[in-house]
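Colleague: My structure file data_32.cif, mmCIF, C-alpha atoms and all ligand atoms, is below:
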```cif
data_coords
loop_
_atom_site.label_atom_id
_atom_site.label_comp_id
_atom_site.auth_asym_id
_atom_site.auth_seq_id
_atom_site.Cartn_x
_atom_site.Cartn_y
_atom_site.Cartn_z
CA MET Q 1 16.29 -71.52 45.69
CA THR Q 2 16.81 -69.14 42.77
CA LEU Q 3 20.47 -68.54 43.57
CA SER Q 4 22.81 -70.49 41.36
CA PRO Q 5 25.18 -72.98 43.01
CA ASP Q 6 28.04 -70.57 42.19
CA GLU Q 7 26.26 -67.69 43.89
CA VAL Q 8 25.62 -69.82 46.97
CA THR Q 9 29.29 -70.85 47.13
CA ARG Q 10 30.49 -67.28 46.62
CA LEU Q 11 28.15 -65.80 49.22
CA VAL Q 12 28.85 -68.42 51.90
CA ALA Q 13 32.62 -68.06 51.30
CA ALA Q 14 32.31 -64.28 51.72
CA ALA Q 15 30.38 -64.70 54.98
CA ARG Q 16 32.95 -67.17 56.25
CA GLN Q 17 35.81 -64.85 55.39
CA ALA Q 18 34.03 -61.92 57.05
CA ALA Q 19 33.81 -63.89 60.31
CA SER Q 20 37.60 -63.59 60.58
CA LYS Q 21 37.06 -59.86 61.16
CA ALA Q 22 34.69 -60.42 64.08
CA TYR Q 23 35.38 -58.62 67.33
CA ALA Q 24 33.87 -61.15 69.72
CA PRO Q 25 36.06 -61.35 72.86
CA TYR Q 26 33.04 -61.72 75.16
CA SER Q 27 31.06 -64.47 73.46
CA ASP Q 28 33.93 -66.07 71.53
CA PHE Q 29 31.28 -66.64 68.85
CA PRO Q 30 32.55 -65.04 65.64
CA VAL Q 31 29.89 -64.58 62.97
CA GLY Q 32 30.16 -63.36 59.38
CA ALA Q 33 27.43 -62.23 57.00
CA ALA Q 34 27.42 -61.42 53.30
CA VAL Q 35 24.70 -59.70 51.26
CA LEU Q 36 24.29 -60.13 47.51
CA ALA Q 37 22.88 -57.29 45.40
CA ASP Q 38 20.98 -57.80 42.14
CA ASP Q 39 23.98 -56.52 40.19
CA GLY Q 40 26.31 -59.08 41.78
CA ARG Q 41 27.97 -56.85 44.34
CA VAL Q 42 28.63 -58.43 47.73
CA PHE Q 43 28.82 -56.60 51.06
CA THR Q 44 30.13 -58.24 54.20
CA GLY Q 45 30.10 -57.75 57.94
CA ALA Q 46 31.01 -59.41 61.23
CA ASN Q 47 29.77 -59.10 64.78
CA ILE Q 48 31.27 -56.24 66.77
CA GLU Q 49 30.89 -56.67 70.53
CA ASN Q 50 31.29 -54.22 73.36
CA ALA Q 51 32.17 -54.38 77.06
CA SER Q 52 28.66 -53.06 77.55
CA TYR Q 53 27.23 -56.24 76.07
CA GLY Q 54 23.93 -54.82 74.87
CA LEU Q 55 25.75 -52.53 72.43
CA THR Q 56 26.88 -55.53 70.39
CA GLN Q 57 26.23 -55.28 66.67
CA CYS Q 58 25.51 -58.54 64.90
CA ALA Q 59 27.20 -59.52 61.66
CA GLU Q 60 23.96 -59.15 59.71
CA ARG Q 61 23.56 -55.50 60.68
CA THR Q 62 27.22 -54.73 59.97
CA ALA Q 63 26.86 -56.15 56.45
CA LEU Q 64 23.63 -54.26 55.84
CA SER Q 65 25.26 -51.01 56.99
CA GLU Q 66 27.97 -51.53 54.38
CA ALA Q 67 25.34 -52.12 51.68
CA VAL Q 68 23.25 -49.10 52.68
CA MET Q 69 26.32 -46.86 52.74
CA ALA Q 70 27.09 -47.99 49.19
CA GLY Q 71 23.57 -46.99 48.12
CA TYR Q 72 21.91 -50.43 48.12
CA GLY Q 73 18.63 -51.61 49.64
CA ARG Q 74 14.86 -51.58 49.07
CA HIS Q 75 14.66 -47.88 49.90
CA ALA Q 76 17.24 -47.07 47.21
CA ASP Q 77 15.70 -49.27 44.50
CA ARG Q 78 18.92 -51.25 44.33
CA PRO Q 79 17.69 -54.61 45.55
CA LEU Q 80 19.53 -56.97 47.84
CA ARG Q 81 18.47 -60.47 46.89
CA ALA Q 82 20.25 -62.75 49.34
CA MET Q 83 22.24 -62.96 52.55
CA ALA Q 84 24.45 -65.71 53.93
CA VAL Q 85 25.27 -66.06 57.63
CA TRP Q 86 28.16 -68.14 58.88
CA ALA Q 87 29.25 -68.86 62.47
CA ALA Q 88 32.66 -70.27 63.28
CA ARG Q 89 31.33 -72.24 66.26
CA ASN Q 90 28.17 -74.21 65.95
CA ASP Q 91 27.18 -75.17 69.45
CA HIS Q 92 23.75 -73.82 68.50
CA GLY Q 93 23.52 -75.80 65.24
CA ALA Q 94 22.99 -73.73 62.11
CA VAL Q 95 23.29 -70.04 62.85
CA THR Q 96 20.11 -68.01 62.59
CA PRO Q 97 19.56 -64.23 62.84
CA CYS Q 98 18.27 -62.75 66.10
CA GLY Q 99 14.93 -60.97 66.22
CA ALA Q 100 16.46 -57.48 66.08
CA CYS Q 101 18.42 -58.39 62.94
CA ARG Q 102 15.34 -59.87 61.29
CA GLN Q 103 13.59 -56.53 61.68
CA VAL Q 104 16.57 -54.66 60.18
CA MET Q 105 16.89 -57.23 57.39
CA ALA Q 106 13.20 -56.77 56.53
CA GLU Q 107 13.85 -53.04 56.15
CA PHE Q 108 16.54 -53.39 53.48
CA LEU Q 109 16.30 -56.85 51.89
CA SER Q 110 13.60 -57.81 49.43
CA PRO Q 111 10.75 -59.81 51.07
CA ARG Q 112 11.63 -62.50 48.55
CA ALA Q 113 15.33 -62.43 49.46
CA GLU Q 114 16.89 -65.78 50.23
CA ILE Q 115 18.71 -66.18 53.53
CA LEU Q 116 21.37 -68.89 53.68
CA LEU Q 117 21.88 -70.30 57.15
CA THR Q 118 25.01 -72.37 57.45
CA ASP Q 119 26.07 -75.12 59.78
CA ALA Q 120 29.86 -74.90 59.96
CA ARG Q 121 30.28 -78.47 61.21
CA SER Q 122 28.10 -80.40 58.77
CA GLY Q 123 28.53 -77.92 55.92
CA GLU Q 124 24.76 -77.90 55.44
CA ILE Q 125 23.24 -74.73 54.05
CA GLY Q 126 19.61 -74.04 54.84
CA CYS Q 127 17.62 -71.52 52.83
CA ARG Q 128 14.76 -69.36 54.15
CA GLY Q 129 12.75 -66.61 52.53
CA MET Q 130 12.97 -63.22 54.24
CA ALA Q 131 9.19 -63.20 54.73
CA ASP Q 132 9.41 -66.64 56.41
CA LEU Q 133 12.04 -65.39 58.86
CA LEU Q 134 9.85 -62.44 59.84
CA PRO Q 135 6.20 -62.97 58.89
CA ASP Q 136 3.88 -59.96 59.06
CA ALA Q 137 6.88 -57.65 59.34
CA PHE Q 138 6.15 -54.11 60.44
CA GLY Q 139 7.55 -51.63 57.94
CA LEU Q 140 7.60 -50.70 54.29
CA ALA Q 141 4.97 -52.20 51.99
CA PRO Q 142 6.42 -55.17 50.05
N1 LIG L 1 25.48 -63.01 66.48
C1 LIG L 1 25.52 -62.52 65.21
O1 LIG L 1 26.36 -61.67 64.89
N2 LIG L 1 24.62 -62.99 64.30
C2 LIG L 1 23.76 -64.02 64.54
O2 LIG L 1 23.02 -64.41 63.64
C3 LIG L 1 23.71 -64.66 65.85
C4 LIG L 1 24.46 -63.96 66.91
C5 LIG L 1 26.50 -62.57 67.43
C6 LIG L 1 26.06 -61.62 68.50
C7 LIG L 1 27.11 -61.89 69.56
O3 LIG L 1 28.28 -61.13 69.24
C8 LIG L 1 27.46 -63.35 69.40
O4 LIG L 1 27.02 -63.71 68.09
C9 LIG L 1 26.81 -64.26 70.41
O5 LIG L 1 25.46 -64.06 70.48
#
```
What is this structure when it is put down as structure tokens?
Ligand code: THU

Modeller:
Amino acid sequence: MTLSPDEVTRLVAAARQAASKAYAPYSDFPVGAAVLADDGRVFTGANIENASYGLTQCAERTALSEAVMAGYGRHADRPLRAMAVWAARNDHGAVTPCGACRQVMAEFLSPRAEILLTDARSGEIGCRGMADLLPDAFGLAP
């Protein structure tokens, strides 16, 4: 992991705080995500559900939308080097991004970006490389 312990703490805390903004009345599974840019800026998001369940937006995509709207991402040459994901409930163990989010993450995060997957109960923080979460990603050249 190239993130410093302080960066890990800061990013996970931001993801945790973002989860408090979740709109998750259908799943009761609030999730928060936080993205760290090369210049230290952090963008956050939470899951936003809908009565038409399939329209749900995951926390990861909400956070990336915030970053893109601020002018950050691979396409803008303002790299995003890490993301933390935090789920309030952990009946699934450590939270891990869905397939759709992995594709969107690959679009905007660096292939070398570090993804912190947290287990709210144990406090354990796993770290995965973006390219490990979505090998052979379709999209922009690395
Ligand atoms: N969810 C996320 O926001 N991110 C994840 O990494 C896993 C799943 C949301 C989608 C839905 O609102 C709820 O969690 C249950 O799947």

Colleague: Which residues are near ligand LIG 1 (chain L) - at most 7 Å, using all atoms listed in the file? Format: as a compact mmCIF listing (two decimals) with C-alpha atoms, in the frame of the given file.

Modeller:
```
# COMPACT_ATOMS: atom_id res chain seq x y z
CA ALA Q 24 33.87 -61.15 69.72
CA SER Q 27 31.06 -64.47 73.46
CA PHE Q 29 31.28 -66.64 68.85
CA PRO Q 30 32.55 -65.04 65.64
CA VAL Q 31 29.89 -64.58 62.97
CA GLY Q 32 30.16 -63.36 59.38
CA ALA Q 46 31.01 -59.41 61.23
CA ASN Q 47 29.77 -59.10 64.78
CA ILE Q 48 31.27 -56.24 66.77
CA GLU Q 49 30.89 -56.67 70.53
CA THR Q 56 26.88 -55.53 70.39
CA GLN Q 57 26.23 -55.28 66.67
CA CYS Q 58 25.51 -58.54 64.90
CA ALA Q 59 27.20 -59.52 61.66
CA GLU Q 60 23.96 -59.15 59.71
CA VAL Q 85 25.27 -66.06 57.63
CA VAL Q 95 23.29 -70.04 62.85
CA THR Q 96 20.11 -68.01 62.59
CA PRO Q 97 19.56 -64.23 62.84
CA CYS Q 98 18.27 -62.75 66.10
```

Colleague: At what distance in Å, to one decimal, does CA of Ala131 (chain Q) lie from CA of Ala94 (chain Q)?

Modeller: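 According to the coordinates, CA of Ala94 (chain Q) and CA of Ala131 (chain Q) are separated by 18.9 Å.
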
Colleague: Name all residues at most 12 Å from Val104 (chain Q) (count only C-alpha atoms; drop same-chain ones fewer than 6 positions away) and give them as a ChimeraX atom specification.

Modeller: /Q:57-65,68,73-74,97-98,110-111,130,133-134,137-140

Colleague: May I have the centre and edge lengths, in Å to one decimal, of an axis-aligned box around the listed atoms of region 67-81 of chain Q with 6 Å added to every side, as AutoDock Vina command-line options?

Modeller:
```
--center_x 20.9 --center_y -53.7 --center_z 48.5 --size_x 24.4 --size_y 25.6 --size_z 20.4
```

Colleague: Which residue is closest to Ala120 (chain Q)? Choose from Q:Lys21, Q:Arg41, Q:Arg89, Q:Arg10 and count all atoms listed in the file.

Modeller: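 Result for the nearest residue to Ala120 (chain Q): Q:Arg89.
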
Colleague: Using only C-alpha atoms, which protein or nucleic acid residues come within 6 Å of Ala113 (chain Q)? Drop anything in the same chain fewer than 4 positions from it, and give the result as a PDB file with C-alpha atoms, keeping the file's coordinate frame.

Modeller:
```
ATOM      1  CA  ARG Q  81      18.470 -60.470  46.890  1.00  0.00           C
ATOM      2  CA  ALA Q  82      20.250 -62.750  49.340  1.00  0.00           C
ATOM      3  CA  GLY Q 129      12.750 -66.610  52.530  1.00  0.00           C
ATOM      4  CA  MET Q 130      12.970 -63.220  54.240  1.00  0.00           C
TER       5      MET Q 130
END
```

Colleague: How far is it from CA of Tyr72 (chain Q) to CA of Leu55 (chain Q), in Å with one decimal?

Modeller: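 That distance, rounded to one decimal, is 24.7 Å.
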
Colleague: Between CA of Gly99 (chain Q) and CA of Ala33 (chain Q), what is the spacing in Å?

Modeller: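 Taking CA of Ala33 (chain Q) as the start and CA of Gly99 (chain Q) as the end point, the length is 15.6 Å.
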
Colleague: Which residues, written as a count of residues only, have at least one atom at most 6 Å from Leu80 (chain Q), with all atoms listed in the file counted and residues fewer than 3 positions away on the same chain left out?

Modeller: 5

Colleague: Would you mind telling me which residue in Q:Asp6, Q:Glu114, Q:Asp77, Q:Asp136 lies nearest to Val35 (chain Q) when using only C-alpha atoms?

Modeller: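 Of all the options, Q:Glu114 lies closest to Val35 (chain Q).
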
Colleague: Measuring atom to atom with only C-alpha atoms, identify which of Q:Met69, Q:Glu107, Q:Trp86, Q:Leu116 is nearest to Arg128 (chain Q).

Modeller: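 Selected residue with least distance to Arg128 (chain Q): Q:Leu116.
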
Colleague: Neighbouring residues of Leu11 (chain Q) were defined as those with any atom within 7 Å, considering all atoms listed in the file; residues of the same chain fewer than 4 positions away were excluded. Please report them as a PDB file with C-alpha atoms, keeping the file's coordinate frame.

Modeller:
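Written file, part-v2.pdb:
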```pdb
ATOM      1  CA  GLU Q   7      26.260 -67.690  43.890  1.00  0.00           C
ATOM      2  CA  ALA Q  15      30.380 -64.700  54.980  1.00  0.00           C
ATOM      3  CA  ALA Q  34      27.420 -61.420  53.300  1.00  0.00           C
ATOM      4  CA  ALA Q  84      24.450 -65.710  53.930  1.00  0.00           C
TER       5      ALA Q  84
END
```

Colleague: Which of these, Q:Gly93, Q:Asp28, Q:Asn50, Q:Ala19, has the shortest distance to Gly126 (chain Q) once you count all atoms listed in the file?

Modeller: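 Comparing Q:Gly93, Q:Asp28, Q:Asn50, Q:Ala19 against Gly126 (chain Q), the winner is Q:Gly93.
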
Colleague: From the set Q:Ala87, Q:Val12, Q:Ala76, Q:Ala106, which residue has the shortest atom-to-atom contact distance to Pro135 (chain Q), counting all atoms listed in the file?

Modeller: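 Of Q:Ala87, Q:Val12, Q:Ala76, Q:Ala106, the one nearest Pro135 (chain Q) is Q:Ala106, counting all atoms listed in the file.
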
Colleague: Take chain Q from the block and save it with C-alpha atoms, as a PDB file, in the first residue's frame.

Modeller:
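Result file result.pdb:
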```pdb
ATOM      1  CA  MET Q   1       0.000   0.000   0.000  1.00  0.00           C
ATOM      2  CA  THR Q   2       1.467   3.380  -0.943  1.00  0.00           C
ATOM      3  CA  LEU Q   3      -1.103   5.345   1.031  1.00  0.00           C
ATOM      4  CA  SER Q   4       0.212   6.605   4.331  1.00  0.00           C
ATOM      5  CA  PRO Q   5      -1.520   5.439   7.518  1.00  0.00           C
ATOM      6  CA  ASP Q   6      -2.910   8.983   7.875  1.00  0.00           C
ATOM      7  CA  GLU Q   7      -4.348   8.909   4.368  1.00  0.00           C
ATOM      8  CA  VAL Q   8      -5.963   5.536   5.046  1.00  0.00           C
ATOM      9  CA  THR Q   9      -7.516   6.819   8.273  1.00  0.00           C
ATOM     10  CA  ARG Q  10      -8.725  10.018   6.624  1.00  0.00           C
ATOM     11  CA  LEU Q  11     -10.227   8.253   3.614  1.00  0.00           C
ATOM     12  CA  VAL Q  12     -11.996   5.534   5.611  1.00  0.00           C
ATOM     13  CA  ALA Q  13     -13.381   8.164   8.022  1.00  0.00           C
ATOM     14  CA  ALA Q  14     -14.713  10.164   5.063  1.00  0.00           C
ATOM     15  CA  ALA Q  15     -16.388   7.058   3.603  1.00  0.00           C
ATOM     16  CA  ARG Q  16     -17.908   6.232   6.963  1.00  0.00           C
ATOM     17  CA  GLN Q  17     -19.235   9.743   7.393  1.00  0.00           C
ATOM     18  CA  ALA Q  18     -20.654   9.709   3.857  1.00  0.00           C
ATOM     19  CA  ALA Q  19     -22.660   6.578   4.678  1.00  0.00           C
ATOM     20  CA  SER Q  20     -24.758   8.712   7.039  1.00  0.00           C
ATOM     21  CA  LYS Q  21     -26.111  10.459   3.929  1.00  0.00           C
ATOM     22  CA  ALA Q  22     -27.248   7.217   2.308  1.00  0.00           C
ATOM     23  CA  TYR Q  23     -30.803   6.974   1.069  1.00  0.00           C
ATOM     24  CA  ALA Q  24     -31.321   3.244   1.516  1.00  0.00           C
ATOM     25  CA  PRO Q  25     -34.896   2.621   2.749  1.00  0.00           C
ATOM     26  CA  TYR Q  26     -35.274  -0.529   0.624  1.00  0.00           C
ATOM     27  CA  SER Q  27     -32.102  -2.436   1.456  1.00  0.00           C
ATOM     28  CA  ASP Q  28     -31.377  -0.827   4.829  1.00  0.00           C
ATOM     29  CA  PHE Q  29     -27.734  -1.195   3.764  1.00  0.00           C
ATOM     30  CA  PRO Q  30     -26.146   2.264   3.926  1.00  0.00           C
ATOM     31  CA  VAL Q  31     -22.818   2.531   2.113  1.00  0.00           C
ATOM     32  CA  GLY Q  32     -20.335   5.401   1.905  1.00  0.00           C
ATOM     33  CA  ALA Q  33     -17.411   5.899  -0.462  1.00  0.00           C
ATOM     34  CA  ALA Q  34     -14.585   8.415  -0.557  1.00  0.00           C
ATOM     35  CA  VAL Q  35     -12.124   9.110  -3.380  1.00  0.00           C
ATOM     36  CA  LEU Q  36      -8.692  10.646  -2.860  1.00  0.00           C
ATOM     37  CA  ALA Q  37      -7.129  12.813  -5.575  1.00  0.00           C
ATOM     38  CA  ASP Q  38      -3.368  13.203  -6.085  1.00  0.00           C
ATOM     39  CA  ASP Q  39      -3.552  16.729  -4.670  1.00  0.00           C
ATOM     40  CA  GLY Q  40      -5.199  15.533  -1.452  1.00  0.00           C
ATOM     41  CA  ARG Q  41      -8.779  16.474  -2.245  1.00  0.00           C
ATOM     42  CA  VAL Q  42     -11.426  13.997  -1.119  1.00  0.00           C
ATOM     43  CA  PHE Q  43     -14.829  13.456  -2.734  1.00  0.00           C
ATOM     44  CA  THR Q  44     -17.554  11.438  -1.079  1.00  0.00           C
ATOM     45  CA  GLY Q  45     -20.791   9.699  -1.940  1.00  0.00           C
ATOM     46  CA  ALA Q  46     -23.451   7.374  -0.565  1.00  0.00           C
ATOM     47  CA  ASN Q  47     -25.908   4.957  -2.118  1.00  0.00           C
ATOM     48  CA  ILE Q  48     -29.127   6.515  -3.381  1.00  0.00           C
ATOM     49  CA  GLU Q  49     -31.931   4.000  -3.843  1.00  0.00           C
ATOM     50  CA  ASN Q  50     -35.201   4.234  -5.688  1.00  0.00           C
ATOM     51  CA  ALA Q  51     -38.642   2.610  -5.454  1.00  0.00           C
ATOM     52  CA  SER Q  52     -37.787   1.245  -8.883  1.00  0.00           C
ATOM     53  CA  TYR Q  53     -34.932  -0.761  -7.400  1.00  0.00           C
ATOM     54  CA  GLY Q  54     -32.817  -1.026 -10.526  1.00  0.00           C
ATOM     55  CA  LEU Q  55     -32.335   2.749 -10.578  1.00  0.00           C
ATOM     56  CA  THR Q  56     -30.276   2.578  -7.389  1.00  0.00           C
ATOM     57  CA  GLN Q  57     -26.955   4.397  -7.525  1.00  0.00           C
ATOM     58  CA  CYS Q  58     -24.167   2.887  -5.461  1.00  0.00           C
ATOM     59  CA  ALA Q  59     -21.982   4.959  -3.166  1.00  0.00           C
ATOM     60  CA  GLU Q  60     -18.948   4.473  -5.402  1.00  0.00           C
ATOM     61  CA  ARG Q  61     -20.661   6.033  -8.416  1.00  0.00           C
ATOM     62  CA  THR Q  62     -22.028   8.930  -6.348  1.00  0.00           C
ATOM     63  CA  ALA Q  63     -18.512   9.733  -5.110  1.00  0.00           C
ATOM     64  CA  LEU Q  64     -17.050   9.489  -8.605  1.00  0.00           C
ATOM     65  CA  SER Q  65     -19.750  11.813  -9.951  1.00  0.00           C
ATOM     66  CA  GLU Q  66     -18.697  14.395  -7.370  1.00  0.00           C
ATOM     67  CA  ALA Q  67     -15.049  14.037  -8.407  1.00  0.00           C
ATOM     68  CA  VAL Q  68     -15.802  14.255 -12.127  1.00  0.00           C
ATOM     69  CA  MET Q  69     -17.962  17.337 -11.622  1.00  0.00           C
ATOM     70  CA  ALA Q  70     -15.043  18.968  -9.814  1.00  0.00           C
ATOM     71  CA  GLY Q  71     -12.800  18.239 -12.811  1.00  0.00           C
ATOM     72  CA  TYR Q  72     -10.979  15.145 -11.499  1.00  0.00           C
ATOM     73  CA  GLY Q  73     -10.347  11.762 -13.118  1.00  0.00           C
ATOM     74  CA  ARG Q  74      -8.108  10.012 -15.651  1.00  0.00           C
ATOM     75  CA  HIS Q  75      -9.809  11.790 -18.538  1.00  0.00           C
ATOM     76  CA  ALA Q  76      -9.042  15.186 -16.985  1.00  0.00           C
ATOM     77  CA  ASP Q  77      -5.402  14.415 -16.121  1.00  0.00           C
ATOM     78  CA  ARG Q  78      -6.184  15.023 -12.466  1.00  0.00           C
ATOM     79  CA  PRO Q  79      -5.610  11.558 -11.080  1.00  0.00           C
ATOM     80  CA  LEU Q  80      -7.672   9.836  -8.434  1.00  0.00           C
ATOM     81  CA  ARG Q  81      -5.334   7.549  -6.537  1.00  0.00           C
ATOM     82  CA  ALA Q  82      -7.519   5.764  -4.011  1.00  0.00           C
ATOM     83  CA  MET Q  83     -11.055   4.986  -2.922  1.00  0.00           C
ATOM     84  CA  ALA Q  84     -12.420   3.717   0.379  1.00  0.00           C
ATOM     85  CA  VAL Q  85     -15.774   1.943   0.702  1.00  0.00           C
ATOM     86  CA  TRP Q  86     -17.545   1.541   4.011  1.00  0.00           C
ATOM     87  CA  ALA Q  87     -20.815  -0.258   4.800  1.00  0.00           C
ATOM     88  CA  ALA Q  88     -22.674   0.285   8.039  1.00  0.00           C
ATOM     89  CA  ARG Q  89     -23.930  -3.313   8.137  1.00  0.00           C
ATOM     90  CA  ASN Q  90     -21.593  -6.126   7.409  1.00  0.00           C
ATOM     91  CA  ASP Q  91     -23.744  -9.186   6.950  1.00  0.00           C
ATOM     92  CA  HIS Q  92     -21.747  -9.708   3.749  1.00  0.00           C
ATOM     93  CA  GLY Q  93     -18.340  -9.323   5.442  1.00  0.00           C
ATOM     94  CA  ALA Q  94     -16.107  -6.607   4.011  1.00  0.00           C
ATOM     95  CA  VAL Q  95     -17.975  -4.501   1.490  1.00  0.00           C
ATOM     96  CA  THR Q  96     -16.868  -4.829  -2.111  1.00  0.00           C
ATOM     97  CA  PRO Q  97     -17.950  -2.878  -5.220  1.00  0.00           C
ATOM     98  CA  CYS Q  98     -20.488  -4.421  -7.595  1.00  0.00           C
ATOM     99  CA  GLY Q  99     -19.558  -5.197 -11.183  1.00  0.00           C
ATOM    100  CA  ALA Q 100     -21.198  -2.074 -12.600  1.00  0.00           C
ATOM    101  CA  CYS Q 101     -19.253   0.137 -10.183  1.00  0.00           C
ATOM    102  CA  ARG Q 102     -15.987  -1.605 -11.031  1.00  0.00           C
ATOM    103  CA  GLN Q 103     -16.483  -0.665 -14.675  1.00  0.00           C
ATOM    104  CA  VAL Q 104     -17.206   2.975 -13.757  1.00  0.00           C
ATOM    105  CA  MET Q 105     -14.271   3.037 -11.325  1.00  0.00           C
ATOM    106  CA  ALA Q 106     -11.957   1.763 -14.081  1.00  0.00           C
ATOM    107  CA  GLU Q 107     -13.071   4.688 -16.243  1.00  0.00           C
ATOM    108  CA  PHE Q 108     -12.017   7.394 -13.792  1.00  0.00           C
ATOM    109  CA  LEU Q 109      -9.545   5.940 -11.277  1.00  0.00           C
ATOM    110  CA  SER Q 110      -5.940   5.172 -12.123  1.00  0.00           C
ATOM    111  CA  PRO Q 111      -5.362   1.441 -12.880  1.00  0.00           C
ATOM    112  CA  ARG Q 112      -2.876   1.593 -10.012  1.00  0.00           C
ATOM    113  CA  ALA Q 113      -5.399   3.182  -7.640  1.00  0.00           C
ATOM    114  CA  GLU Q 114      -5.763   1.505  -4.277  1.00  0.00           C
ATOM    115  CA  ILE Q 115      -9.248   0.470  -3.181  1.00  0.00           C
ATOM    116  CA  LEU Q 116      -9.802   0.143   0.559  1.00  0.00           C
ATOM    117  CA  LEU Q 117     -12.504  -2.358   1.464  1.00  0.00           C
ATOM    118  CA  THR Q 118     -13.604  -2.097   5.052  1.00  0.00           C
ATOM    119  CA  ASP Q 119     -15.212  -4.529   7.430  1.00  0.00           C
ATOM    120  CA  ALA Q 120     -17.208  -2.390   9.862  1.00  0.00           C
ATOM    121  CA  ARG Q 121     -17.376  -5.094  12.530  1.00  0.00           C
ATOM    122  CA  SER Q 122     -13.742  -6.200  12.727  1.00  0.00           C
ATOM    123  CA  GLY Q 123     -12.333  -2.846  11.639  1.00  0.00           C
ATOM    124  CA  GLU Q 124     -10.162  -4.656   9.092  1.00  0.00           C
ATOM    125  CA  ILE Q 125      -9.240  -2.727   5.972  1.00  0.00           C
ATOM    126  CA  GLY Q 126      -8.396  -4.729   2.870  1.00  0.00           C
ATOM    127  CA  CYS Q 127      -6.545  -3.135  -0.032  1.00  0.00           C
ATOM    128  CA  ARG Q 128      -6.942  -4.066  -3.712  1.00  0.00           C
ATOM    129  CA  GLY Q 129      -5.478  -2.547  -6.842  1.00  0.00           C
ATOM    130  CA  MET Q 130      -8.016  -1.212  -9.338  1.00  0.00           C
ATOM    131  CA  ALA Q 131      -6.648  -3.553 -12.015  1.00  0.00           C
ATOM    132  CA  ASP Q 132      -7.118  -6.515  -9.636  1.00  0.00           C
ATOM    133  CA  LEU Q 133     -10.756  -5.607  -9.041  1.00  0.00           C
ATOM    134  CA  LEU Q 134     -11.423  -5.475 -12.786  1.00  0.00           C
ATOM    135  CA  PRO Q 135      -8.763  -7.308 -14.789  1.00  0.00           C
ATOM    136  CA  ASP Q 136      -8.710  -6.773 -18.553  1.00  0.00           C
ATOM    137  CA  ALA Q 137     -11.049  -3.813 -18.178  1.00  0.00           C
ATOM    138  CA  PHE Q 138     -12.679  -2.565 -21.346  1.00  0.00           C
ATOM    139  CA  GLY Q 139     -12.005   1.130 -21.826  1.00  0.00           C
ATOM    140  CA  LEU Q 140      -9.278   3.731 -21.975  1.00  0.00           C
ATOM    141  CA  ALA Q 141      -5.687   2.572 -22.400  1.00  0.00           C
ATOM    142  CA  PRO Q 142      -3.872   2.545 -19.033  1.00  0.00           C
TER     143      PRO Q 142
END
```
